[in-house]
>>> print(open('query-v6.pdb').read())   # PDB, C-alpha atoms and all ligand atoms
ATOM      1  CA  MET A1086     -19.841 -46.101 -13.484  1.00  0.00           C
ATOM      2  CA  THR A1087     -20.969 -42.509 -14.067  1.00  0.00           C
ATOM      3  CA  GLY A1088     -23.506 -40.171 -12.512  1.00  0.00           C
ATOM      4  CA  ALA A1089     -26.579 -41.153 -14.547  1.00  0.00           C
ATOM      5  CA  THR A1090     -29.327 -42.705 -12.504  1.00  0.00           C
ATOM      6  CA  GLY A1091     -29.146 -46.503 -12.373  1.00  0.00           C
ATOM      7  CA  ALA A1092     -26.084 -47.285 -10.241  1.00  0.00           C
ATOM      8  CA  ILE A1093     -27.661 -50.707  -9.715  1.00  0.00           C
ATOM      9  CA  TYR A1094     -26.785 -51.654 -13.326  1.00  0.00           C
ATOM     10  CA  GLY A1095     -23.079 -51.258 -12.611  1.00  0.00           C
ATOM     11  CA  ILE A1096     -23.398 -53.076  -9.306  1.00  0.00           C
ATOM     12  CA  ARG A1097     -25.199 -56.075 -10.833  1.00  0.00           C
ATOM     13  CA  ALA A1098     -22.699 -56.251 -13.710  1.00  0.00           C
ATOM     14  CA  LEU A1099     -19.800 -56.351 -11.230  1.00  0.00           C
ATOM     15  CA  GLN A1100     -21.529 -59.037  -9.148  1.00  0.00           C
ATOM     16  CA  PHE A1101     -22.238 -61.140 -12.213  1.00  0.00           C
ATOM     17  CA  LEU A1102     -18.685 -60.861 -13.576  1.00  0.00           C
ATOM     18  CA  ARG A1103     -17.287 -61.690 -10.150  1.00  0.00           C
ATOM     19  CA  THR A1104     -19.319 -64.926  -9.982  1.00  0.00           C
ATOM     20  CA  LEU A1105     -17.913 -65.845 -13.401  1.00  0.00           C
ATOM     21  CA  GLY A1106     -14.354 -65.117 -12.252  1.00  0.00           C
ATOM     22  CA  VAL A1107     -13.885 -62.367 -14.845  1.00  0.00           C
ATOM     23  CA  GLU A1108     -11.140 -59.840 -14.023  1.00  0.00           C
ATOM     24  CA  THR A1109     -12.749 -56.441 -13.511  1.00  0.00           C
ATOM     25  CA  HIS A1110     -11.244 -52.974 -13.060  1.00  0.00           C
ATOM     26  CA  LEU A1111     -13.544 -50.252 -11.821  1.00  0.00           C
ATOM     27  CA  ILE A1112     -13.682 -46.485 -12.345  1.00  0.00           C
ATOM     28  CA  MET A1113     -16.404 -44.417 -10.689  1.00  0.00           C
ATOM     29  CA  SER A1114     -16.983 -40.764 -11.493  1.00  0.00           C
ATOM     30  CA  LYS A1115     -17.603 -38.149  -8.812  1.00  0.00           C
ATOM     31  CA  TRP A1116     -21.307 -38.129  -9.683  1.00  0.00           C
ATOM     32  CA  ALA A1117     -21.462 -41.912  -9.639  1.00  0.00           C
ATOM     33  CA  HIS A1118     -20.566 -41.631  -5.953  1.00  0.00           C
ATOM     34  CA  ALA A1119     -23.541 -39.297  -5.501  1.00  0.00           C
ATOM     35  CA  SER A1120     -26.041 -41.515  -7.320  1.00  0.00           C
ATOM     36  CA  ILE A1121     -24.827 -44.586  -5.412  1.00  0.00           C
ATOM     37  CA  LYS A1122     -25.587 -42.723  -2.207  1.00  0.00           C
ATOM     38  CA  TYR A1123     -29.016 -41.487  -3.374  1.00  0.00           C
ATOM     39  CA  GLU A1124     -30.176 -44.716  -4.969  1.00  0.00           C
ATOM     40  CA  THR A1125     -28.721 -47.688  -3.143  1.00  0.00           C
ATOM     41  CA  PRO A1126     -27.757 -48.960   0.290  1.00  0.00           C
ATOM     42  CA  TRP A1127     -24.207 -49.439  -1.093  1.00  0.00           C
ATOM     43  CA  THR A1128     -21.190 -47.202  -0.498  1.00  0.00           C
ATOM     44  CA  PRO A1129     -18.605 -46.462  -3.206  1.00  0.00           C
ATOM     45  CA  GLU A1130     -16.054 -48.347  -1.044  1.00  0.00           C
ATOM     46  CA  SER A1131     -18.199 -51.494  -0.879  1.00  0.00           C
ATOM     47  CA  ILE A1132     -18.800 -51.343  -4.639  1.00  0.00           C
ATOM     48  CA  ALA A1133     -15.055 -50.916  -5.193  1.00  0.00           C
ATOM     49  CA  ASN A1134     -14.613 -54.260  -3.416  1.00  0.00           C
ATOM     50  CA  LEU A1135     -16.783 -55.957  -6.061  1.00  0.00           C
ATOM     51  CA  ALA A1136     -14.103 -55.327  -8.678  1.00  0.00           C
ATOM     52  CA  THR A1137     -11.930 -58.422  -8.770  1.00  0.00           C
ATOM     53  CA  ALA A1138      -8.822 -56.432  -9.716  1.00  0.00           C
ATOM     54  CA  ARG A1139      -8.647 -52.751  -8.788  1.00  0.00           C
ATOM     55  CA  ASN A1140     -10.561 -49.540  -8.362  1.00  0.00           C
ATOM     56  CA  TYR A1141      -9.059 -46.400  -9.973  1.00  0.00           C
ATOM     57  CA  SER A1142      -9.520 -42.713  -9.381  1.00  0.00           C
ATOM     58  CA  ILE A1143     -11.237 -41.038 -12.313  1.00  0.00           C
ATOM     59  CA  ARG A1144      -8.515 -38.380 -12.201  1.00  0.00           C
ATOM     60  CA  ASP A1145      -5.701 -40.890 -12.590  1.00  0.00           C
ATOM     61  CA  LEU A1146      -4.891 -40.586 -16.272  1.00  0.00           C
ATOM     62  CA  SER A1147      -1.702 -42.558 -15.706  1.00  0.00           C
ATOM     63  CA  ALA A1148      -3.756 -45.704 -14.917  1.00  0.00           C
ATOM     64  CA  PRO A1149      -3.019 -48.678 -17.214  1.00  0.00           C
ATOM     65  CA  MET A1150      -6.287 -48.455 -19.203  1.00  0.00           C
ATOM     66  CA  SER A1151      -5.241 -45.003 -20.408  1.00  0.00           C
ATOM     67  CA  SER A1152      -2.908 -46.734 -22.830  1.00  0.00           C
ATOM     68  CA  GLY A1153      -3.733 -48.940 -25.802  1.00  0.00           C
ATOM     69  CA  SER A1154      -0.799 -51.202 -24.922  1.00  0.00           C
ATOM     70  CA  TRP A1155      -2.713 -52.398 -21.829  1.00  0.00           C
ATOM     71  CA  LYS A1156      -4.817 -55.246 -23.154  1.00  0.00           C
ATOM     72  CA  SER A1157      -8.433 -55.615 -22.097  1.00  0.00           C
ATOM     73  CA  ASP A1158     -11.479 -57.464 -23.412  1.00  0.00           C
ATOM     74  CA  GLY A1159     -13.453 -54.234 -23.499  1.00  0.00           C
ATOM     75  CA  MET A1160     -15.317 -51.771 -21.355  1.00  0.00           C
ATOM     76  CA  LEU A1161     -18.847 -51.397 -20.021  1.00  0.00           C
ATOM     77  CA  ILE A1162     -20.054 -48.014 -18.762  1.00  0.00           C
ATOM     78  CA  ALA A1163     -23.152 -48.679 -16.671  1.00  0.00           C
ATOM     79  CA  PRO A1164     -24.829 -46.363 -16.092  1.00  0.00           C
ATOM     80  CA  CYS A1165     -23.493 -43.884 -18.671  1.00  0.00           C
ATOM     81  CA  SER A1166     -24.477 -40.218 -18.398  1.00  0.00           C
ATOM     82  CA  VAL A1167     -25.107 -38.155 -21.517  1.00  0.00           C
ATOM     83  CA  LYS A1168     -22.192 -35.967 -20.451  1.00  0.00           C
ATOM     84  CA  THR A1169     -19.795 -38.924 -20.649  1.00  0.00           C
ATOM     85  CA  LEU A1170     -21.518 -40.056 -23.860  1.00  0.00           C
ATOM     86  CA  ALA A1171     -20.796 -36.608 -25.369  1.00  0.00           C
ATOM     87  CA  ALA A1172     -17.185 -36.653 -24.184  1.00  0.00           C
ATOM     88  CA  ILE A1173     -16.616 -40.064 -25.770  1.00  0.00           C
ATOM     89  CA  ARG A1174     -18.246 -39.027 -29.043  1.00  0.00           C
ATOM     90  CA  ALA A1175     -16.113 -35.852 -29.187  1.00  0.00           C
ATOM     91  CA  GLY A1176     -12.907 -37.658 -28.192  1.00  0.00           C
ATOM     92  CA  TYR A1177     -12.651 -35.276 -25.240  1.00  0.00           C
ATOM     93  CA  ALA A1178     -10.745 -37.649 -22.998  1.00  0.00           C
ATOM     94  CA  GLU A1179     -10.158 -35.523 -19.946  1.00  0.00           C
ATOM     95  CA  ASP A1180     -10.941 -38.139 -17.286  1.00  0.00           C
ATOM     96  CA  LEU A1181     -10.112 -41.829 -16.956  1.00  0.00           C
ATOM     97  CA  ILE A1182     -13.575 -43.046 -18.040  1.00  0.00           C
ATOM     98  CA  SER A1183     -13.684 -41.062 -21.302  1.00  0.00           C
ATOM     99  CA  ARG A1184      -9.988 -41.772 -21.954  1.00  0.00           C
ATOM    100  CA  SER A1185     -10.415 -45.554 -21.452  1.00  0.00           C
ATOM    101  CA  ALA A1186     -13.474 -45.527 -23.718  1.00  0.00           C
ATOM    102  CA  ASP A1187     -11.474 -43.590 -26.317  1.00  0.00           C
ATOM    103  CA  VAL A1188      -8.749 -46.238 -26.124  1.00  0.00           C
ATOM    104  CA  CYS A1189     -11.318 -49.027 -26.644  1.00  0.00           C
ATOM    105  CA  ILE A1190     -12.595 -47.302 -29.784  1.00  0.00           C
ATOM    106  CA  LYS A1191      -9.171 -46.648 -31.262  1.00  0.00           C
ATOM    107  CA  GLU A1192      -8.009 -50.191 -30.440  1.00  0.00           C
ATOM    108  CA  LYS A1193     -11.274 -51.656 -31.782  1.00  0.00           C
ATOM    109  CA  ARG A1194     -12.224 -53.331 -28.516  1.00  0.00           C
ATOM    110  CA  PRO A1195     -15.829 -53.834 -27.385  1.00  0.00           C
ATOM    111  CA  LEU A1196     -17.332 -50.808 -25.699  1.00  0.00           C
ATOM    112  CA  VAL A1197     -20.869 -50.798 -24.294  1.00  0.00           C
ATOM    113  CA  LEU A1198     -22.659 -47.723 -22.996  1.00  0.00           C
ATOM    114  CA  GLY A1199     -25.648 -48.176 -20.710  1.00  0.00           C
ATOM    115  CA  ALA A1200     -26.651 -44.639 -21.661  1.00  0.00           C
ATOM    116  CA  ARG A1201     -29.507 -43.169 -19.665  1.00  0.00           C
ATOM    117  CA  GLU A1202     -31.491 -39.954 -20.024  1.00  0.00           C
ATOM    118  CA  THR A1203     -35.036 -39.098 -20.886  1.00  0.00           C
ATOM    119  CA  PRO A1204     -36.397 -37.582 -23.035  1.00  0.00           C
ATOM    120  CA  LEU A1205     -33.667 -38.151 -25.612  1.00  0.00           C
ATOM    121  CA  ARG A1206     -32.928 -34.831 -27.280  1.00  0.00           C
ATOM    122  CA  VAL A1207     -31.360 -34.568 -30.706  1.00  0.00           C
ATOM    123  CA  ILE A1208     -27.778 -34.116 -29.515  1.00  0.00           C
ATOM    124  CA  TYR A1209     -27.937 -37.321 -27.409  1.00  0.00           C
ATOM    125  CA  LEU A1210     -29.381 -39.239 -30.331  1.00  0.00           C
ATOM    126  CA  GLU A1211     -26.711 -37.848 -32.669  1.00  0.00           C
ATOM    127  CA  ASN A1212     -23.985 -38.797 -30.201  1.00  0.00           C
ATOM    128  CA  MET A1213     -25.431 -42.297 -29.892  1.00  0.00           C
ATOM    129  CA  LEU A1214     -25.727 -42.666 -33.660  1.00  0.00           C
ATOM    130  CA  ALA A1215     -22.147 -41.503 -34.286  1.00  0.00           C
ATOM    131  CA  LEU A1216     -20.809 -43.968 -31.726  1.00  0.00           C
ATOM    132  CA  ALA A1217     -23.061 -46.812 -32.903  1.00  0.00           C
ATOM    133  CA  ARG A1218     -21.578 -46.292 -36.376  1.00  0.00           C
ATOM    134  CA  LEU A1219     -18.146 -46.868 -34.860  1.00  0.00           C
ATOM    135  CA  GLY A1220     -19.366 -50.174 -33.451  1.00  0.00           C
ATOM    136  CA  VAL A1221     -20.030 -48.998 -29.909  1.00  0.00           C
ATOM    137  CA  GLY A1222     -22.891 -50.879 -28.219  1.00  0.00           C
ATOM    138  CA  ILE A1223     -25.575 -48.418 -27.179  1.00  0.00           C
ATOM    139  CA  PHE A1224     -27.651 -50.064 -24.472  1.00  0.00           C
ATOM    140  CA  PRO A1225     -30.138 -47.649 -22.959  1.00  0.00           C
ATOM    141  CA  ALA A1226     -31.608 -49.475 -20.015  1.00  0.00           C
ATOM    142  CA  VAL A1227     -34.989 -50.061 -21.622  1.00  0.00           C
ATOM    143  CA  PRO A1228     -37.024 -52.619 -19.714  1.00  0.00           C
ATOM    144  CA  ALA A1229     -38.397 -55.671 -21.487  1.00  0.00           C
ATOM    145  CA  PHE A1230     -41.665 -57.116 -20.312  1.00  0.00           C
ATOM    146  CA  TYR A1231     -41.953 -60.289 -22.349  1.00  0.00           C
ATOM    147  CA  MET A1232     -40.207 -62.283 -19.622  1.00  0.00           C
ATOM    148  CA  ARG A1233     -42.825 -61.123 -17.115  1.00  0.00           C
ATOM    149  CA  PRO A1234     -40.511 -59.480 -14.557  1.00  0.00           C
ATOM    150  CA  LYS A1235     -41.500 -60.101 -10.976  1.00  0.00           C
ATOM    151  CA  GLY A1236     -39.871 -56.867  -9.884  1.00  0.00           C
ATOM    152  CA  LEU A1237     -37.155 -54.318 -10.441  1.00  0.00           C
ATOM    153  CA  GLU A1238     -34.422 -56.881  -9.902  1.00  0.00           C
ATOM    154  CA  ASP A1239     -35.638 -58.947 -12.867  1.00  0.00           C
ATOM    155  CA  VAL A1240     -35.785 -55.822 -15.055  1.00  0.00           C
ATOM    156  CA  VAL A1241     -32.214 -54.825 -14.132  1.00  0.00           C
ATOM    157  CA  ASP A1242     -30.846 -58.352 -14.510  1.00  0.00           C
ATOM    158  CA  HIS A1243     -32.389 -58.722 -17.922  1.00  0.00           C
ATOM    159  CA  SER A1244     -30.777 -55.491 -19.169  1.00  0.00           C
ATOM    160  CA  VAL A1245     -27.405 -56.406 -17.685  1.00  0.00           C
ATOM    161  CA  GLY A1246     -27.695 -59.822 -19.309  1.00  0.00           C
ATOM    162  CA  ARG A1247     -28.239 -58.185 -22.699  1.00  0.00           C
ATOM    163  CA  MET A1248     -25.160 -56.007 -22.153  1.00  0.00           C
ATOM    164  CA  MET A1249     -23.145 -59.139 -21.332  1.00  0.00           C
ATOM    165  CA  ASP A1250     -24.289 -60.737 -24.581  1.00  0.00           C
ATOM    166  CA  TYR A1251     -22.391 -57.988 -26.399  1.00  0.00           C
ATOM    167  CA  PHE A1252     -19.142 -59.274 -24.879  1.00  0.00           C
ATOM    168  CA  GLY A1253     -20.037 -62.860 -25.739  1.00  0.00           C
ATOM    169  CA  ILE A1254     -20.594 -63.657 -22.065  1.00  0.00           C
ATOM    170  CA  GLU A1255     -23.315 -66.249 -21.590  1.00  0.00           C
ATOM    171  CA  SER A1256     -26.147 -64.567 -19.772  1.00  0.00           C
ATOM    172  CA  ASP A1257     -28.791 -67.320 -19.533  1.00  0.00           C
ATOM    173  CA  GLU A1258     -28.303 -67.553 -15.812  1.00  0.00           C
ATOM    174  CA  PHE A1259     -28.969 -63.856 -15.606  1.00  0.00           C
ATOM    175  CA  MET A1260     -32.359 -64.098 -17.224  1.00  0.00           C
ATOM    176  CA  PRO A1261     -35.255 -63.973 -14.804  1.00  0.00           C
ATOM    177  CA  GLY A1262     -36.412 -67.530 -14.179  1.00  0.00           C
ATOM    178  CA  GLY A1263     -33.403 -68.781 -16.185  1.00  0.00           C
ATOM    179  CA  GLU A1264     -35.384 -68.044 -19.333  1.00  0.00           C
ATOM    180  CA  LYS A1265     -33.634 -67.473 -22.635  1.00  0.00           C
ATOM    181  CA  VAL A1266     -34.594 -64.398 -24.638  1.00  0.00           C
ATOM    182  CA  GLY A1267     -34.438 -66.572 -27.755  1.00  0.00           C
ATOM    183  CA  GLY A1268     -36.920 -68.958 -26.198  1.00  0.00           C
ATOM    184  CA  VAL A1269     -39.514 -66.231 -25.846  1.00  0.00           C
ATOM    185  CA  SER A1270     -39.029 -64.886 -29.371  1.00  0.00           C
ATOM    186  CA  GLU A1271     -39.251 -68.421 -30.736  1.00  0.00           C
ATOM    187  CA  VAL A1272     -42.595 -68.861 -29.035  1.00  0.00           C
ATOM    188  CA  VAL A1273     -43.786 -65.527 -30.483  1.00  0.00           C
ATOM    189  CA  THR A1274     -42.597 -66.522 -33.981  1.00  0.00           C
ATOM    190  CA  PHE A1275     -44.297 -69.898 -33.591  1.00  0.00           C
ATOM    191  CA  LEU A1276     -47.560 -68.231 -32.551  1.00  0.00           C
ATOM    192  CA  LEU A1277     -47.402 -65.814 -35.500  1.00  0.00           C
ATOM    193  CA  CYS A1278     -46.706 -68.647 -37.951  1.00  0.00           C
ATOM    194  CA  GLY A1279     -49.542 -70.639 -36.412  1.00  0.00           C
ATOM    195  CA  GLN A1280     -51.880 -67.718 -36.881  1.00  0.00           C
ATOM    196  CA  SER A1281     -50.917 -67.240 -40.575  1.00  0.00           C
ATOM    197  CA  LEU A1282     -51.434 -70.943 -41.273  1.00  0.00           C
ATOM    198  CA  TYR A1283     -54.823 -70.777 -39.596  1.00  0.00           C
ATOM    199  CA  SER A1284     -55.828 -67.727 -41.745  1.00  0.00           C
ATOM    200  CA  TRP A1285     -54.616 -69.531 -44.897  1.00  0.00           C
ATOM    201  CA  TRP A1286     -56.628 -72.638 -43.952  1.00  0.00           C
ATOM    202  CA  LEU A1287     -59.776 -70.542 -43.254  1.00  0.00           C
ATOM    203  CA  GLY A1288     -59.355 -68.858 -46.673  1.00  0.00           C
ATOM    204  CA  LYS A1289     -59.150 -72.276 -48.365  1.00  0.00           C
ATOM    205  CA  VAL A1290     -62.279 -73.542 -46.593  1.00  0.00           C
ATOM    206  CA  TYR A1291     -64.116 -70.344 -47.602  1.00  0.00           C
ATOM    207  CA  CYS A1292     -63.086 -70.716 -51.301  1.00  0.00           C
ATOM    208  CA  ILE A1293     -64.193 -74.365 -51.382  1.00  0.00           C
ATOM    209  CA  HIS A1294     -67.486 -73.387 -49.765  1.00  0.00           C
ATOM    210  CA  GLN A1295     -67.989 -70.572 -52.353  1.00  0.00           C
ATOM    211  CA  THR A1296     -67.235 -72.956 -55.261  1.00  0.00           C
ATOM    212  CA  GLU A1297     -69.731 -75.501 -53.927  1.00  0.00           C
ATOM    213  CA  GLN A1298     -72.384 -72.760 -53.605  1.00  0.00           C
ATOM    214  CA  LYS A1299     -71.966 -71.895 -57.315  1.00  0.00           C
TER     215      LYS A1299
HETATM  216  C1  LIG B1301     -29.890 -37.884  -8.795  1.00  0.00           C
HETATM  217  C2  LIG B1301     -29.251 -37.588 -10.114  1.00  0.00           C
HETATM  218  C3  LIG B1301     -29.676 -38.273 -11.232  1.00  0.00           C
HETATM  219  C4  LIG B1301     -29.106 -38.016 -12.465  1.00  0.00           C
HETATM  220  N1  LIG B1301     -29.531 -38.744 -13.539  1.00  0.00           N
HETATM  221  C5  LIG B1301     -28.934 -38.567 -14.729  1.00  0.00           C
HETATM  222  C6  LIG B1301     -29.284 -39.388 -15.837  1.00  0.00           C
HETATM  223  O1  LIG B1301     -30.135 -40.259 -15.763  1.00  0.00           O
HETATM  224  N2  LIG B1301     -28.633 -39.195 -17.001  1.00  0.00           N
HETATM  225  C7  LIG B1301     -27.643 -38.268 -17.127  1.00  0.00           C
HETATM  226  O2  LIG B1301     -27.082 -38.177 -18.204  1.00  0.00           O
HETATM  227  N3  LIG B1301     -27.291 -37.462 -16.099  1.00  0.00           N
HETATM  228  C8  LIG B1301     -27.892 -37.580 -14.896  1.00  0.00           C
HETATM  229  N4  LIG B1301     -27.518 -36.797 -13.845  1.00  0.00           N
HETATM  230  C9  LIG B1301     -26.552 -35.727 -14.060  1.00  0.00           C
HETATM  231  C10 LIG B1301     -25.117 -36.220 -14.063  1.00  0.00           C
HETATM  232  O3  LIG B1301     -24.782 -36.748 -12.785  1.00  0.00           O
HETATM  233  C11 LIG B1301     -24.193 -35.036 -14.411  1.00  0.00           C
HETATM  234  O4  LIG B1301     -24.404 -34.626 -15.738  1.00  0.00           O
HETATM  235  C12 LIG B1301     -22.722 -35.351 -14.221  1.00  0.00           C
HETATM  236  O5  LIG B1301     -21.983 -34.221 -14.599  1.00  0.00           O
HETATM  237  C13 LIG B1301     -22.291 -36.555 -15.036  1.00  0.00           C
HETATM  238  O6  LIG B1301     -20.899 -36.651 -14.909  1.00  0.00           O
HETATM  239  P1  LIG B1301     -20.171 -38.034 -15.105  1.00  0.00           P
HETATM  240  O7  LIG B1301     -20.534 -38.551 -16.449  1.00  0.00           O
HETATM  241  O8  LIG B1301     -18.703 -37.685 -15.033  1.00  0.00           O
HETATM  242  O9  LIG B1301     -20.580 -38.914 -13.995  1.00  0.00           O
HETATM  243  C14 LIG B1301     -28.070 -37.032 -12.596  1.00  0.00           C
HETATM  244  C15 LIG B1301     -27.653 -36.350 -11.461  1.00  0.00           C
HETATM  245  C16 LIG B1301     -28.211 -36.622 -10.233  1.00  0.00           C
HETATM  246  C17 LIG B1301     -27.714 -35.889  -9.013  1.00  0.00           C
END
>>> encode(input="query-v6.pdb", output="C-alpha cells")
Amino acid sequence: MTGATGAIYGIRALQFLRTLGVETHLIMSKWAHASIKYETPWTPESIANLATARNYSIRDLSAPMSSGSWKSDGMLIAPCSVKTLAAIRAGYAEDLISRSADVCIKEKRPLVLGARETPLRVIYLENMLALARLGVGIFPAVPAFYMRPKGLEDVVDHSVGRMMDYFGIESDEFMPGGEKVGGVSEVVTFLLCGQSLYSWWLGKVYCIHQTEQK
C-alpha cells in the first residue's frame, strides 16, 4: 500500500484474500500510514494483522521479496501513488515496494497497480503505457455504475474484484449483490441485439408497405 488516496482498496483486498486463505505479505509506505490515518478508522498495526503472513518495513531491502528466487504469485499495489508508479517504470528500486514490483516484472509475475491520481498528466499516462506494454495491470480505481452500487463499499468491492480477476482469483462473491460483471454485459449485448432485430423488422415492414402502395 502506498500514499495515494484510497487505503480502503488495500484493506478490502487483504480482507478478501484472507477469507480465501491466500498467503499475503504486506508492505506499507510511510505515506500509506498517513492516508490510512486520514481516511479510515484503521491503524497501520491493525491493517498489518490482516496480512496472513508478514508485514515488512518499506526500508527493508533484505526482505525475501527483494529477490527473484523468492517465489510469489504476484503483487498488487493498492492504492498506488504516481510517485511509486514512476519509480517502477524507471526501475528506480530504492524501497521495498518498488524493488518487489521490479522483481515481479523481471521474473514475469503478475503485477497490478491500483494507480490513483487526477487529472492524469502526460507523464503519468506515459508511465502507465510503458508498464502496460510490459504486461503490468493498470487498474485505476474507476467506479462502475452498471451494477447499481448501493454505496461506497459496493464501488470499492467491485474495483477490488476486478483487480483479483487479473490474478485469476474468482471474484463473483465480491461483486455487489453477488452479480457477475459478465451477466450485466450479456444483458446489455442482448438488449442491443434485440434492438437491431427490431429495427431490421421495422425496415422490412416498411419496404413491404411501400411495395404494396406502388
Ligand atoms: C491526503 C493525501 C492524499 C494523497 N493522494 C494522492 C493520490 O491520490 N495519488 C498520488 O499519487 N499521490 C497522492 N498523495 C501524495 C503521496 O502520498 C506522495 O506523493 C508520496 O510521496 C507517495 O509516496 P509513496 O508512493 O512512497 O507512498 C497524497 C498525499 C496525501 C497526504
>>> residues_near_ligand(input="query-v6.pdb", ligand="ligand LIG 1301 (chain B)", cutoff="7 Å", atoms="only C-alpha atoms and all ligand atoms", output="compact mmCIF listing (two decimals) with C-alpha atoms, in the coordinates of the input")
# COMPACT_ATOMS: atom_id res chain seq x y z
CA THR A 1087 -20.97 -42.51 -14.07
CA GLY A 1088 -23.51 -40.17 -12.51
CA ALA A 1089 -26.58 -41.15 -14.55
CA THR A 1090 -29.33 -42.70 -12.50
CA SER A 1114 -16.98 -40.76 -11.49
CA LYS A 1115 -17.60 -38.15 -8.81
CA TRP A 1116 -21.31 -38.13 -9.68
CA ALA A 1117 -21.46 -41.91 -9.64
CA ALA A 1119 -23.54 -39.30 -5.50
CA SER A 1120 -26.04 -41.52 -7.32
CA TYR A 1123 -29.02 -41.49 -3.37
CA CYS A 1165 -23.49 -43.88 -18.67
CA SER A 1166 -24.48 -40.22 -18.40
CA VAL A 1167 -25.11 -38.16 -21.52
CA LYS A 1168 -22.19 -35.97 -20.45
CA THR A 1169 -19.80 -38.92 -20.65
CA ARG A 1201 -29.51 -43.17 -19.66
CA GLU A 1202 -31.49 -39.95 -20.02
>>> closest_residue(input="query-v6.pdb", among="A:Gly1176, A:Gly1159, A:Gly1095, A:Gly1253", to="Ala1226 of chain A", atoms="all atoms listed in the file")
A:Gly1095
>>> closest_residue(input="query-v6.pdb", among="A:Lys1193, A:Arg1139, A:Tyr1209, A:Pro1225", to="Ala1171 of chain A", atoms="only C-alpha atoms")
A:Tyr1209
>>> residues_around(input="query-v6.pdb", residues="Val1107 of chain A", least_positions_apart="4", cutoff="12 Å", atoms="only C-alpha atoms", output="list of chain:residue names")
A:Ala1098, A:Leu1099, A:Gln1100, A:Phe1101, A:Leu1102, A:Arg1103, A:Leu1135, A:Ala1136, A:Thr1137, A:Ala1138, A:Ser1157, A:Asp1158, A:Gly1159, A:Met1249, A:Phe1252, A:Ile1254
>>> residues_near_point(input="query-v6.pdb", point="(-19.6, -50.1, -26.1)", cutoff="6 Å", atoms="only C-alpha atoms", output="PyMOL selection string")
chain A and resi 1195-1198+1221-1222
>>> closest_residue(input="query-v6.pdb", among="A:Thr1125, A:Phe1230, A:Leu1219, A:Ile1143", to="Ala1178 of chain A", atoms="all atoms listed in the file")
A:Ile1143
>>> atom_distance(input="query-v6.pdb", atom1="atom CA of Glu1130 of chain A", atom2="atom CA of Asp1257 of chain A")
29.4 Å
>>> closest_residue(input="query-v6.pdb", among="A:Leu1105, A:Val1188, A:Leu1214, A:Val1227", to="Pro1149 of chain A", atoms="only C-alpha atoms")
A:Val1188
>>> closest_residue(input="query-v6.pdb", among="A:Val1240, A:Ser1131, A:Arg1184, A:Ala1200", to="Asn1212 of chain A", atoms="all atoms listed in the file")
A:Ala1200
>>> residues_around(input="query-v6.pdb", residues="Ile1132 of chain A", least_positions_apart="4", cutoff="7 Å", atoms="only C-alpha atoms", output="JSON, numbers by chain")
{"A": [1096, 1127, 1128]}
>>> atom_distance(input="query-v6.pdb", atom1="atom CA of Cys1189 of chain A", atom2="atom CA of Pro1228 of chain A")
26.9 Å
>>> axis_aligned_box(input="query-v6.pdb", around="segment 1099-1113 of chain A", padding_each_side="3 Å", output="AutoDock Vina command-line options")
--center_x -16.7 --center_y -55.1 --center_z -12.0 --size_x 17.1 --size_y 27.4 --size_z 11.7
>>> decode(input="query-v6.pdb", residues="segment 1186-1201 of chain A", atoms="C-alpha atoms", output="tab-separated table (two decimals), in the first residue's frame")
chain	number	residue	atom	x	y	z
A	1186	ALA	CA	7.49	-4.65	-8.24
A	1187	ASP	CA	10.73	-4.58	-10.24
A	1188	VAL	CA	11.32	-8.22	-9.33
A	1189	CYS	CA	7.79	-9.16	-10.48
A	1190	ILE	CA	8.43	-7.52	-13.86
A	1191	LYS	CA	11.82	-9.12	-14.40
A	1192	GLU	CA	10.52	-12.53	-13.28
A	1193	LYS	CA	7.38	-12.12	-15.41
A	1194	ARG	CA	4.98	-12.46	-12.49
A	1195	PRO	CA	1.61	-10.70	-12.33
A	1196	LEU	CA	1.81	-7.13	-11.11
A	1197	VAL	CA	-1.27	-4.94	-10.68
A	1198	LEU	CA	-1.18	-1.23	-9.91
A	1199	GLY	CA	-4.28	0.41	-8.47
A	1200	ALA	CA	-2.84	3.71	-9.67
A	1201	ARG	CA	-4.66	6.81	-8.49
